[in-house]
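> Take a look at my_file37.txt, compact mmCIF, C-alpha atoms:
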```txt
# COMPACT_ATOMS: atom_id res chain seq x y z
CA MET E 402 23.95 -12.56 16.94
CA ASN E 403 22.79 -14.54 13.95
CA ILE E 404 19.35 -14.11 15.42
CA PHE E 405 18.98 -11.19 13.00
CA ALA E 406 19.52 -13.21 9.86
CA ARG E 407 16.37 -13.78 7.81
CA GLY E 408 17.25 -13.50 4.18
CA THR E 409 19.52 -10.91 2.67
CA VAL E 410 18.72 -8.07 0.35
CA PRO E 411 21.31 -7.37 -2.38
CA ASP E 412 23.24 -4.08 -2.40
CA ASP E 413 21.54 -2.68 -5.50
CA LYS E 414 18.12 -3.20 -3.91
CA ILE E 415 19.27 -1.42 -0.75
CA LEU E 416 20.65 1.49 -2.76
CA SER E 417 17.47 1.95 -4.80
CA GLY E 418 15.29 1.52 -1.69
CA ILE E 419 17.14 4.23 0.26
CA LEU E 420 16.69 6.60 -2.66
CA GLY E 421 12.98 5.70 -2.90
CA ASP E 422 9.84 7.08 -1.27
CA SER E 423 9.86 7.50 2.48
CA VAL E 424 8.04 4.29 3.43
CA LEU E 425 10.25 2.13 1.22
CA LYS E 426 13.25 4.15 2.38
CA ARG E 427 12.52 3.49 6.04
CA ALA E 428 11.86 -0.21 5.44
CA THR E 429 15.11 -0.52 3.48
CA GLU E 430 17.07 1.35 6.13
CA ASN E 431 15.71 -1.02 8.76
CA LYS E 432 16.63 -3.99 6.58
CA LEU E 433 20.15 -2.60 6.16
CA TYR E 434 20.42 -2.18 9.93
CA GLU E 435 19.10 -5.68 10.50
CA GLN E 436 21.17 -7.34 7.80
CA PHE E 437 24.54 -6.49 9.31
CA ALA E 438 23.52 -6.20 12.96
CA TYR E 439 25.69 -9.20 13.78
CA LEU E 440 28.59 -6.74 13.58
CA ILE E 441 27.41 -5.38 16.95
CA LYS E 442 28.20 -8.67 18.64
CA ASP E 443 31.50 -8.95 16.75
CA ALA E 444 32.50 -5.51 18.04
CA THR E 445 31.80 -6.48 21.63
CA PHE E 446 34.46 -9.20 21.31
CA LYS E 447 36.89 -7.42 19.03
CA HIS E 448 36.85 -4.01 20.71
CA GLN E 449 35.72 -5.08 24.19
CA LEU E 450 32.71 -2.75 24.06
CA THR E 451 29.44 -3.21 25.89
CA GLU E 452 26.63 -4.31 23.60
CA ASP E 453 24.78 -1.02 24.13
CA ASP E 454 27.83 1.05 23.18
CA ALA E 455 28.49 -1.13 20.15
CA ALA E 456 24.83 -0.82 19.10
CA SER E 457 24.95 2.97 19.45
CA LEU E 458 28.08 3.18 17.29
CA TYR E 459 26.59 0.75 14.79
CA ALA E 460 23.48 2.94 14.47
CA ASP E 461 25.75 5.96 13.86
CA ALA E 462 27.60 4.02 11.17
CA ILE E 463 24.31 3.08 9.51
CA LEU E 464 23.25 6.75 9.52
CA VAL E 465 26.54 7.68 7.84
CA ILE E 466 26.01 5.01 5.19
CA ILE E 467 22.47 6.25 4.52
CA GLU E 468 23.71 9.82 4.15
CA HIS E 469 26.52 8.74 1.84
CA ILE E 470 24.08 6.83 -0.34
CA GLN E 471 21.71 9.82 -0.47
CA LYS E 472 24.49 12.25 -1.32
CA LYS E 473 25.94 9.79 -3.86
CA ARG E 474 29.17 9.60 -1.92
CA PHE E 475 29.02 5.82 -1.86
CA GLU E 476 30.41 4.89 -5.26
CA GLY E 477 29.97 1.16 -5.06
CA LYS E 478 33.70 0.45 -5.28
CA SER E 479 33.32 -1.96 -2.39
CA SER E 480 30.32 -3.89 -1.12
CA LEU E 481 28.01 -2.17 1.35
CA LYS E 482 29.10 -4.67 3.96
CA THR E 483 32.78 -3.78 3.55
CA TYR E 484 31.99 -0.06 3.51
CA LEU E 485 29.86 -0.34 6.64
CA PHE E 486 32.45 -2.50 8.37
CA GLN E 487 35.15 0.14 7.77
CA ILE E 488 33.03 3.02 9.03
CA PHE E 489 31.81 1.03 12.03
CA SER E 490 35.35 -0.12 12.93
CA ASN E 491 36.63 3.46 12.75
CA LYS E 492 33.83 4.58 15.03
CA CYS E 493 34.66 1.84 17.54
CA VAL E 494 38.35 2.81 17.55
CA ASP E 495 37.47 6.52 17.93
CA PHE E 496 35.13 5.65 20.78
CA ILE E 497 37.78 3.66 22.63
CA ARG E 498 40.25 6.53 22.23
CA LYS E 499 37.81 9.06 23.59
CA THR E 500 36.61 6.60 26.26
CA SER E 501 33.56 8.72 27.01
CA THR E 502 30.66 9.81 24.89
CA ASN E 503 27.05 10.77 25.03
CA LYS E 504 25.41 7.52 23.94
CA MET E 505 22.40 8.95 22.18
CA SER E 506 24.16 11.91 20.62
CA VAL E 507 24.48 11.68 16.90
CA TYR E 508 27.91 12.01 15.29
CA LYS E 509 28.79 15.66 14.96
CA THR E 510 29.64 15.96 11.33
CA GLU E 511 26.63 18.00 10.30
CA SER E 512 27.58 20.57 7.78
CA ILE E 513 25.86 22.98 5.47
CA ASP E 514 27.96 21.99 2.48
CA ASP E 515 24.93 20.98 0.48
CA LEU E 516 23.41 24.43 1.05
CA LEU E 517 26.52 26.20 -0.11
CA ILE E 518 26.65 24.71 -3.57
CA GLY E 519 26.89 27.58 -6.04
CA VAL E 520 27.43 30.19 -3.31
CA PRO E 521 30.45 32.49 -3.91
CA ASP E 522 33.43 31.96 -1.54
CA GLU E 523 33.03 35.27 0.23
CA THR E 524 29.36 34.65 1.06
CA SER E 525 30.11 31.03 1.86
CA ASN E 526 32.61 32.15 4.52
CA ILE E 527 30.05 34.52 6.02
CA LEU E 528 27.48 31.71 6.16
CA GLN E 529 29.93 29.25 7.71
CA GLU E 530 30.62 31.79 10.46
CA MET E 531 26.91 31.90 11.25
CA ILE E 532 26.73 28.28 12.36
CA SER E 533 26.86 28.02 16.11
CA GLU E 534 26.74 24.76 18.05
CA ASN E 535 25.12 26.53 20.98
CA GLU E 536 22.38 28.00 18.80
CA VAL E 537 21.80 24.62 17.18
CA ASN E 538 21.42 22.99 20.59
CA VAL E 539 18.90 25.61 21.73
CA LEU E 540 16.95 25.24 18.49
CA LYS E 541 16.90 21.45 18.79
CA THR E 542 15.02 21.83 22.06
CA LYS E 543 12.74 24.58 20.76
CA ILE E 544 11.76 22.56 17.68
CA LYS E 545 10.35 19.93 20.02
CA GLN E 546 7.95 22.55 21.35
CA ILE E 547 6.30 23.57 18.08
CA GLY E 548 3.95 20.64 17.63
CA GLU E 549 4.31 17.22 16.06
CA LYS E 550 3.25 18.17 12.52
CA CYS E 551 5.67 21.08 12.42
CA GLN E 552 8.46 18.91 13.78
CA GLU E 553 7.85 16.21 11.22
CA MET E 554 7.65 18.71 8.41
CA MET E 555 10.85 20.44 9.46
CA MET E 556 12.72 17.18 9.78
CA SER E 557 11.68 16.15 6.28
CA TRP E 558 12.64 19.59 4.95
CA SER E 559 16.02 19.45 6.70
CA GLU E 560 16.78 16.12 5.05
CA GLY E 561 16.24 17.65 1.64
CA LEU E 562 12.77 16.38 0.80
CA SER E 563 10.95 18.57 -1.69
CA ASP E 564 7.64 20.20 -0.75
CA GLU E 565 5.96 17.97 -3.36
CA LYS E 566 7.19 14.83 -1.59
CA ILE E 567 6.33 16.19 1.83
CA ALA E 568 2.80 16.92 0.56
CA VAL E 569 2.36 13.31 -0.58
CA GLU E 570 3.81 11.80 2.58
CA MET E 571 2.02 14.02 5.06
CA GLY E 572 -1.27 14.13 3.19
CA TYR E 573 -1.26 17.85 2.26
CA GLN E 574 -3.16 19.03 -0.80
CA SER E 575 -0.23 20.61 -2.60
CA ALA E 576 3.40 21.66 -2.38
CA GLY E 577 2.18 25.25 -1.98
CA VAL E 578 0.27 24.36 1.17
CA VAL E 579 3.38 22.63 2.54
CA LYS E 580 5.54 25.69 1.83
CA THR E 581 3.09 28.02 3.58
CA SER E 582 2.76 25.67 6.55
CA ARG E 583 6.51 25.17 6.77
CA LEU E 584 7.23 28.90 6.75
CA ARG E 585 4.58 29.31 9.45
CA CYS E 586 6.34 26.65 11.51
CA LEU E 587 9.59 28.57 11.10
CA GLU E 588 7.87 31.79 12.25
CA LYS E 589 6.47 29.93 15.23
CA LEU E 590 9.92 28.61 16.08
CA ARG E 591 11.46 32.05 15.74
CA ALA E 592 8.88 33.49 18.14
CA LEU E 593 9.85 30.82 20.68
CA TYR E 594 13.53 31.31 20.03
CA LYS E 595 13.62 35.08 20.55
CA MET H 660 12.04 37.61 4.71
CA LEU H 661 12.27 33.85 5.32
CA GLU H 662 10.79 33.24 1.90
CA ARG H 663 13.48 35.37 0.30
CA ILE H 664 16.18 33.51 2.24
CA GLU H 665 14.77 30.20 1.17
CA SER H 666 14.63 31.34 -2.44
CA TYR H 667 18.32 32.25 -2.19
CA PHE H 668 19.28 28.77 -0.98
CA ASN H 669 16.95 27.13 -3.49
CA HIS H 670 18.59 29.11 -6.29
CA THR H 671 15.28 30.57 -7.43
CA LEU H 672 16.29 34.26 -7.18
CA SER H 673 17.22 36.08 -10.36
CA GLU H 674 20.89 36.92 -10.86
CA GLU H 675 20.20 40.53 -9.88
CA GLU H 676 18.27 39.54 -6.75
CA ARG H 677 20.98 37.07 -5.81
CA GLN H 678 23.73 39.66 -6.02
CA LEU H 679 21.68 42.13 -4.01
CA PHE H 680 21.06 39.46 -1.37
CA GLU H 681 24.75 38.65 -1.04
CA LYS H 682 25.70 42.30 -0.85
CA GLN H 683 23.05 42.97 1.79
CA LEU H 684 24.08 39.89 3.78
CA ALA H 685 27.52 41.39 4.38
CA THR H 686 26.14 44.68 5.74
CA ASP H 687 22.57 44.17 7.00
CA LYS H 688 22.52 42.73 10.52
CA GLU H 689 18.80 41.98 10.44
CA LEU H 690 19.16 39.85 7.32
CA ALA H 691 22.29 38.19 8.68
CA ASP H 692 20.43 37.25 11.88
CA GLU H 693 17.56 35.77 9.88
CA VAL H 694 19.93 33.76 7.70
CA ALA H 695 21.75 32.50 10.79
CA PHE H 696 18.41 31.44 12.26
CA TYR H 697 17.46 29.68 9.02
CA LEU H 698 20.75 27.76 8.78
CA ASN H 699 20.98 26.83 12.45
CA THR H 700 17.36 25.66 12.35
CA LYS H 701 18.04 23.45 9.38
CA ILE H 702 21.00 21.84 11.11
CA ALA H 703 19.04 21.46 14.37
CA ALA H 704 16.16 19.77 12.53
CA ARG H 705 18.61 17.44 10.77
CA GLU H 706 20.21 16.43 14.06
CA ASN H 707 16.77 15.84 15.58
CA ALA H 708 15.81 13.68 12.60
CA LYS H 709 18.96 11.59 13.02
CA GLU H 710 18.49 11.22 16.75
CA LYS H 711 14.91 10.09 16.14
CA ARG H 712 16.12 7.57 13.56
CA LYS H 713 18.77 6.32 15.96
CA LEU H 714 16.18 5.73 18.64
CA ALA H 715 14.08 3.82 16.09
CA PHE H 716 17.09 1.62 15.29
CA GLU H 717 17.55 0.92 18.99
CA GLU H 718 13.88 -0.06 19.20
CA LEU H 719 14.33 -2.32 16.17
CA ARG H 720 17.32 -4.01 17.80
CA LYS H 721 15.29 -4.73 20.92
CA ASN H 722 12.39 -6.13 18.87
CA LEU H 723 14.69 -8.32 16.80
CA SER H 724 16.47 -9.66 19.87
CA THR H 725 13.21 -10.74 21.45
CA THR H 726 11.41 -12.09 18.39
CA LYS H 727 14.12 -13.98 16.56
CA LYS H 728 15.64 -16.17 19.22
CA ILE H 729 13.44 -19.21 18.63
CA GLY H 730 14.33 -19.62 14.97
CA PHE H 731 17.97 -20.43 15.57
CA ASN H 732 17.81 -22.67 18.57
CA PRO H 733 19.88 -25.72 17.51
CA TRP H 734 17.55 -28.10 19.36
CA MET H 735 14.56 -26.67 17.53
CA MET H 736 16.45 -26.94 14.25
CA GLY H 737 17.27 -30.59 15.02
CA ILE H 738 13.66 -31.39 15.86
CA ALA H 739 12.46 -29.57 12.74
CA ALA H 740 14.95 -31.51 10.59
CA SER H 741 13.77 -34.82 12.10
CA ILE H 742 10.15 -33.93 11.42
CA PHE H 743 11.08 -32.94 7.88
CA ILE H 744 12.84 -36.26 7.21
CA ALA H 745 9.92 -38.19 8.70
CA LEU H 746 7.56 -36.19 6.51
CA ILE H 747 9.52 -36.98 3.35
CA THR H 748 9.55 -40.68 4.24
CA TRP H 749 5.83 -40.61 4.90
CA VAL H 750 5.10 -38.81 1.67
CA LEU H 751 7.24 -41.21 -0.34
CA ILE H 752 5.10 -44.13 0.76
CA GLN H 753 1.90 -42.25 0.01
CA ASN H 754 0.15 -42.86 -3.26
CA ASN H 755 -0.63 -39.27 -3.96
CA THR H 756 -3.24 -38.92 -6.72
CA GLY H 757 -4.33 -35.26 -6.43
CA ASN H 758 -2.78 -32.28 -8.12
CA PRO H 759 -2.74 -29.81 -5.24
CA ALA H 760 -0.18 -27.35 -6.62
CA GLU H 761 -2.26 -26.69 -9.73
CA ILE H 762 -5.47 -26.33 -7.74
CA ALA H 763 -3.76 -23.80 -5.48
CA ASP H 764 -2.24 -21.98 -8.47
CA GLY H 765 -5.67 -21.39 -9.96
CA TYR H 766 -6.94 -19.83 -6.78
CA ILE H 767 -3.80 -17.77 -6.16
CA GLN H 768 -3.88 -16.30 -9.67
CA GLU H 769 -7.58 -15.64 -9.56
CA GLN H 770 -7.84 -14.15 -6.07
CA PHE H 771 -4.57 -12.42 -5.43
CA ASP H 772 -3.99 -10.44 -8.56
CA SER H 773 -4.32 -7.15 -6.72
CA LEU H 774 -5.02 -5.92 -3.23
CA PRO H 775 -7.59 -3.23 -2.43
CA VAL H 776 -6.15 0.28 -1.93
CA LYS H 777 -7.88 2.68 0.41
CA MET H 778 -9.01 5.76 -1.47
CA ASP H 779 -8.40 8.23 1.34
CA GLY H 780 -5.03 9.32 -0.03
CA ASN H 781 -3.38 8.25 3.18
CA ALA H 782 0.24 7.35 2.53
CA ASP H 783 0.71 4.97 5.45
CA SER H 784 3.21 2.14 5.23
CA LEU H 785 0.64 -0.60 4.70
CA GLN H 786 -0.98 1.24 1.82
CA MET H 787 2.41 1.99 0.31
CA GLY H 788 3.23 -1.72 0.44
CA VAL H 789 -0.12 -2.52 -1.17
CA ARG H 790 0.67 -0.06 -3.96
CA PHE H 791 4.00 -1.81 -4.62
CA PHE H 792 2.14 -5.13 -4.65
CA ASN H 793 -0.35 -3.85 -7.19
CA LYS H 794 2.51 -2.64 -9.36
CA LYS H 795 3.77 -6.25 -9.15
CA ASP H 796 6.87 -5.00 -7.34
CA TYR H 797 6.59 -7.84 -4.84
CA SER H 798 10.11 -7.60 -3.44
CA ASP H 799 9.64 -3.95 -2.38
CA ALA H 800 6.20 -4.80 -1.01
CA LYS H 801 7.82 -7.61 1.00
CA LEU H 802 10.45 -5.22 2.38
CA ILE H 803 7.73 -2.93 3.68
CA PHE H 804 5.51 -5.69 5.09
CA ASP H 805 8.47 -7.43 6.77
CA ASP H 806 9.42 -4.13 8.34
CA LEU H 807 5.88 -3.59 9.59
CA LEU H 808 5.78 -7.10 11.04
CA VAL H 809 8.89 -6.44 13.12
CA ARG H 810 6.96 -3.66 14.82
CA LYS H 811 3.52 -5.29 14.75
CA PRO H 812 4.05 -9.05 14.53
CA ASP H 813 0.40 -9.87 15.32
CA ALA H 814 -1.40 -7.34 13.10
CA PRO H 815 -3.89 -9.45 11.06
CA GLU H 816 -4.05 -7.24 7.98
CA ILE H 817 -0.26 -7.10 7.73
CA LEU H 818 0.02 -10.88 8.19
CA ARG H 819 -2.56 -11.35 5.42
CA VAL H 820 -0.87 -9.11 2.83
CA ALA H 821 2.62 -10.29 3.83
CA GLY H 822 1.49 -13.89 3.29
CA ILE H 823 -0.07 -13.11 -0.07
CA THR H 824 3.11 -11.31 -1.14
CA GLU H 825 5.21 -14.35 -0.17
CA LEU H 826 2.83 -16.49 -2.29
CA LYS H 827 3.51 -14.22 -5.26
CA LEU H 828 7.25 -14.51 -4.63
CA GLU H 829 6.79 -18.29 -4.51
CA HIS H 830 8.05 -18.41 -0.92
CA TYR H 831 5.30 -20.82 0.03
CA ALA H 832 6.67 -22.01 3.37
CA LYS H 833 7.07 -18.39 4.50
CA ALA H 834 3.55 -17.61 3.27
CA ALA H 835 2.21 -20.57 5.25
CA GLU H 836 4.03 -19.26 8.31
CA HIS H 837 2.31 -15.84 8.06
CA PHE H 838 -1.10 -17.41 7.41
CA HIS H 839 -0.63 -19.82 10.29
CA GLU H 840 0.00 -16.87 12.59
CA LEU H 841 -3.11 -15.18 11.19
CA GLY H 842 -5.17 -18.36 11.59
CA THR H 843 -4.41 -18.57 15.30
CA GLN H 844 -6.17 -15.26 15.95
CA THR H 845 -9.65 -15.91 17.28
CA ASN H 846 -10.91 -12.37 17.78
CA LEU H 847 -11.47 -11.51 14.11
CA PHE H 848 -14.81 -11.11 12.41
CA ALA H 849 -13.58 -13.01 9.35
CA ASN H 850 -10.31 -14.90 9.31
CA PRO H 851 -9.07 -16.52 6.09
CA GLY H 852 -5.81 -17.60 7.79
CA LYS H 853 -6.43 -21.34 7.86
CA PHE H 854 -7.76 -21.49 4.31
CA TYR H 855 -4.83 -19.47 2.99
CA GLU H 856 -2.40 -21.60 4.98
CA ALA H 857 -3.87 -24.69 3.31
CA LEU H 858 -3.40 -23.04 -0.10
CA ALA H 859 0.22 -22.19 0.66
CA LEU H 860 0.92 -25.72 1.94
CA MET H 861 -0.54 -27.15 -1.27
CA LYS H 862 2.37 -25.49 -3.04
CA VAL H 863 5.02 -26.79 -0.65
CA ALA H 864 6.83 -29.92 -1.79
CA PRO H 865 6.53 -32.62 -0.67
CA PHE H 866 2.78 -32.27 -0.38
CA ASP H 867 1.54 -32.83 3.16
CA LYS H 868 -1.94 -34.10 2.37
CA LYS H 869 -2.88 -34.77 5.98
CA ALA H 870 -2.01 -31.24 7.10
CA VAL H 871 -3.86 -29.62 4.19
CA GLU H 872 -6.95 -31.78 4.67
CA GLY H 873 -6.84 -31.05 8.38
CA LEU H 874 -6.84 -27.30 7.75
CA LEU H 875 -9.55 -27.44 5.08
CA ASN H 876 -11.76 -29.59 7.30
CA GLU H 877 -11.28 -27.09 10.08
CA VAL H 878 -12.40 -24.30 7.72
CA VAL H 879 -15.51 -26.28 6.75
CA ASN H 880 -16.42 -27.52 10.22
CA ASN H 881 -15.97 -24.13 11.88
CA ASP H 882 -17.64 -22.21 9.04
CA LEU H 883 -14.53 -20.09 8.48
CA GLU H 884 -13.79 -17.81 5.56
CA GLY H 885 -13.10 -19.81 2.39
CA LYS H 886 -15.54 -22.60 3.35
CA GLU H 887 -17.11 -23.09 -0.10
CA LYS H 888 -13.77 -23.23 -1.86
CA ALA H 889 -12.44 -25.55 0.84
CA ILE H 890 -15.27 -28.01 0.14
CA GLU H 891 -14.42 -27.91 -3.58
CA ILE H 892 -10.73 -28.49 -2.95
CA LEU H 893 -11.39 -31.37 -0.54
CA LYS H 894 -13.37 -33.13 -3.26
CA GLN H 895 -10.46 -32.76 -5.70
CA LEU H 896 -7.69 -33.92 -3.39
```
Once you've parsed the file, please lay out its structure as structure tokens.


Amino acid sequence: MNIFARGTVPDDKILSGILGDSVLKRATENKLYEQFAYLIKDATFKHQLTEDDAASLYADAILVIIEHIQKKRFEGKSSLKTYLFQIFSNKCVDFIRKTSTNKMSVYKTESIDDLLIGVPDETSNILQEMISENEVNVLKTKIKQIGEKCQEMMMSWSEGLSDEKIAVEMGYQSAGVVKTSRLRCLEKLRALYK
Amino acid sequence: MLERIESYFNHTLSEEERQLFEKQLATDKELADEVAFYLNTKIAARENAKEKRKLAFEELRKNLSTTKKIGFNPWMMGIAASIFIALITWVLIQNNTGNPAEIADGYIQEQFDSLPVKMDGNADSLQMGVRFFNKKDYSDAKLIFDDLLVRKPDAPEILRVAGITELKLEHYAKAAEHFHELGTQTNLFANPGKFYEALALMKVAPFDKKAVEGLLNEVVNNDLEGKEKAIEILKQL
């Protein structure tokens, strides 16, 4: 699988790129994916996985790495390659144990921890109770019905992008316009959801 | 109500408003339902974003598998190595009198100091890469252009700026590769590919005079972009 090799980007460049503006972020994420993609082939031998399954798990591992970098959970105590290898290996082992999975489903570790920072315990418990996998699944489908711009805006918002950044990336005049449009998208979604 | 909920999670409510919100949340079903909708929506949108990204990775894997196979064929590598050795031998017996690298340097510094940015405020990837280039952040510009080329390997404008960026990074062989690809495109109104490829090759050691002259003559004979400069360079070589 060395077909992917075409010059490596050092860890510090990958870290700063992932924390950069969206275009650089996406390019860096792709480079990260590409740089260690030979691990997919390795996993097909080591764990006896099909290449498609290994690639799906590898993409999940890359998404975890990206999230850890964004949330500053990657502390740089090991190289990115080692860190990725560990996460990817764990995913392969988990997959073999479970033996069945939905290939395109994303790992289910979504949490609202980042939203609960500074929220008192009592309220935090109430909010945690509100999360429902069923509701999330229904909303995932409904979001796809509210138009491309709304979808894009909501995805950026969900990933923690500020309205200022969304305005720059989506070509809106100001953060205020983004906020108004985003709240309108939410209203539109709620109307569909009810 | 959504605005108030958002203000709560963004920590922009006053202390008094925050306490009132939390108190109301425990007793007011309407508010609780709205908050539940807000939170579940945020998680749903996050999962959609990740699924979309995962599909993009899968697409990238397919593109890489199909476009990169040639480069690592051992036979091709062997042939390339033989050609390289033959080239070195040939160059060593040449009595090279020109100063091609310096001629190319002058042009590269003069012409490629900055790239034009579209003034429409559009933040597309190409323009973002151009902005990095103009800030002299060539390695980030390269990251973006390389990424674009995986998806659009034949796009002339991307090949042009990617090649120029490689020139700035002093990756002359890679620059020549991009310009060569650009030069093969025959459907463009103006194509500087062959002239730029000649410039890049002038910086590659050992100097392949025959190849550079061949390209420059092609530019002159076919009236391609860079013709006047090509005539000047041919006189100096």

> Using only C-alpha atoms and a cut-off of 9 Å, which residues of chain H sit close to chain E? Please list them as a PDB file with C-alpha atoms, in the frame of the given file.


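The new file iface-v8.pdb reads:
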```pdb
ATOM      1  CA  LEU H 661      12.270  33.850   5.320  1.00  0.00           C
ATOM      2  CA  GLU H 662      10.790  33.240   1.900  1.00  0.00           C
ATOM      3  CA  PHE H 668      19.280  28.770  -0.980  1.00  0.00           C
ATOM      4  CA  ASN H 669      16.950  27.130  -3.490  1.00  0.00           C
ATOM      5  CA  HIS H 670      18.590  29.110  -6.290  1.00  0.00           C
ATOM      6  CA  GLU H 681      24.750  38.650  -1.040  1.00  0.00           C
ATOM      7  CA  LYS H 682      25.700  42.300  -0.850  1.00  0.00           C
ATOM      8  CA  LEU H 684      24.080  39.890   3.780  1.00  0.00           C
ATOM      9  CA  ALA H 685      27.520  41.390   4.380  1.00  0.00           C
ATOM     10  CA  ALA H 691      22.290  38.190   8.680  1.00  0.00           C
ATOM     11  CA  ASP H 692      20.430  37.250  11.880  1.00  0.00           C
ATOM     12  CA  VAL H 694      19.930  33.760   7.700  1.00  0.00           C
ATOM     13  CA  ALA H 695      21.750  32.500  10.790  1.00  0.00           C
ATOM     14  CA  PHE H 696      18.410  31.440  12.260  1.00  0.00           C
ATOM     15  CA  TYR H 697      17.460  29.680   9.020  1.00  0.00           C
ATOM     16  CA  LEU H 698      20.750  27.760   8.780  1.00  0.00           C
ATOM     17  CA  ASN H 699      20.980  26.830  12.450  1.00  0.00           C
ATOM     18  CA  THR H 700      17.360  25.660  12.350  1.00  0.00           C
ATOM     19  CA  LYS H 701      18.040  23.450   9.380  1.00  0.00           C
ATOM     20  CA  ILE H 702      21.000  21.840  11.110  1.00  0.00           C
ATOM     21  CA  ALA H 703      19.040  21.460  14.370  1.00  0.00           C
ATOM     22  CA  ALA H 704      16.160  19.770  12.530  1.00  0.00           C
ATOM     23  CA  ARG H 705      18.610  17.440  10.770  1.00  0.00           C
ATOM     24  CA  GLU H 706      20.210  16.430  14.060  1.00  0.00           C
ATOM     25  CA  ASN H 707      16.770  15.840  15.580  1.00  0.00           C
ATOM     26  CA  ALA H 708      15.810  13.680  12.600  1.00  0.00           C
ATOM     27  CA  LYS H 709      18.960  11.590  13.020  1.00  0.00           C
ATOM     28  CA  GLU H 710      18.490  11.220  16.750  1.00  0.00           C
ATOM     29  CA  ARG H 712      16.120   7.570  13.560  1.00  0.00           C
ATOM     30  CA  LYS H 713      18.770   6.320  15.960  1.00  0.00           C
ATOM     31  CA  LEU H 714      16.180   5.730  18.640  1.00  0.00           C
ATOM     32  CA  ALA H 715      14.080   3.820  16.090  1.00  0.00           C
ATOM     33  CA  PHE H 716      17.090   1.620  15.290  1.00  0.00           C
ATOM     34  CA  GLU H 717      17.550   0.920  18.990  1.00  0.00           C
ATOM     35  CA  LEU H 719      14.330  -2.320  16.170  1.00  0.00           C
ATOM     36  CA  ARG H 720      17.320  -4.010  17.800  1.00  0.00           C
ATOM     37  CA  LEU H 723      14.690  -8.320  16.800  1.00  0.00           C
ATOM     38  CA  SER H 724      16.470  -9.660  19.870  1.00  0.00           C
ATOM     39  CA  THR H 726      11.410 -12.090  18.390  1.00  0.00           C
ATOM     40  CA  LYS H 727      14.120 -13.980  16.560  1.00  0.00           C
ATOM     41  CA  LYS H 728      15.640 -16.170  19.220  1.00  0.00           C
ATOM     42  CA  ILE H 729      13.440 -19.210  18.630  1.00  0.00           C
ATOM     43  CA  GLY H 730      14.330 -19.620  14.970  1.00  0.00           C
ATOM     44  CA  PHE H 731      17.970 -20.430  15.570  1.00  0.00           C
ATOM     45  CA  GLY H 780      -5.030   9.320  -0.030  1.00  0.00           C
ATOM     46  CA  ASN H 781      -3.380   8.250   3.180  1.00  0.00           C
ATOM     47  CA  ALA H 782       0.240   7.350   2.530  1.00  0.00           C
ATOM     48  CA  ASP H 783       0.710   4.970   5.450  1.00  0.00           C
ATOM     49  CA  SER H 784       3.210   2.140   5.230  1.00  0.00           C
ATOM     50  CA  LEU H 785       0.640  -0.600   4.700  1.00  0.00           C
ATOM     51  CA  MET H 787       2.410   1.990   0.310  1.00  0.00           C
ATOM     52  CA  GLY H 788       3.230  -1.720   0.440  1.00  0.00           C
ATOM     53  CA  ASP H 799       9.640  -3.950  -2.380  1.00  0.00           C
ATOM     54  CA  ALA H 800       6.200  -4.800  -1.010  1.00  0.00           C
ATOM     55  CA  LEU H 802      10.450  -5.220   2.380  1.00  0.00           C
ATOM     56  CA  ILE H 803       7.730  -2.930   3.680  1.00  0.00           C
ATOM     57  CA  PHE H 804       5.510  -5.690   5.090  1.00  0.00           C
ATOM     58  CA  ASP H 805       8.470  -7.430   6.770  1.00  0.00           C
ATOM     59  CA  ASP H 806       9.420  -4.130   8.340  1.00  0.00           C
ATOM     60  CA  LEU H 807       5.880  -3.590   9.590  1.00  0.00           C
TER      61      LEU H 807
END
```

> Within 12 Å of (6.5, -16.0, -5.6) (coordinates as in the file), grab all the protein and nucleic acid residues, counting all atoms listed in the file, and write them out as a ChimeraX atom specification.

/H:764,767-768,771,792,795-798,801,821-834,859,862-863

> Quick check, in Å to one decimal: how far apart do CA of Glu549 in chain E and CA of Arg583 in chain E lie?

12.4 Å

> Which is closer to Leu440 in chain E than all the others in E:Ile467, E:Leu485, E:Ala576, E:Leu416, using all atoms listed in the file?

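Comparing E:Ile467, E:Leu485, E:Ala576, E:Leu416 against Leu440 in chain E, the winner is E:Leu485.
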
> E:Cys551, E:Val494, E:Val579, E:Tyr484: which is nearest Lys566 in chain E, counting only C-alpha atoms?

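Going through E:Cys551, E:Val494, E:Val579, E:Tyr484 one by one, the smallest distance to Lys566 in chain E is for E:Val579.
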
> Around range 466-472 of chain E, with edges along x, y and z and 6 Å added on all six sides, what centre and edge lengths do you get, in Å to one decimal, as JSON?


```
{"center_x": 24.1, "center_y": 8.6, "center_z": 1.9, "size_x": 16.8, "size_y": 19.2, "size_z": 18.5}
```

> Between CA of Pro812 in chain H and CA of Leu841 in chain H, what is the spacing in Å?

10.0 Å
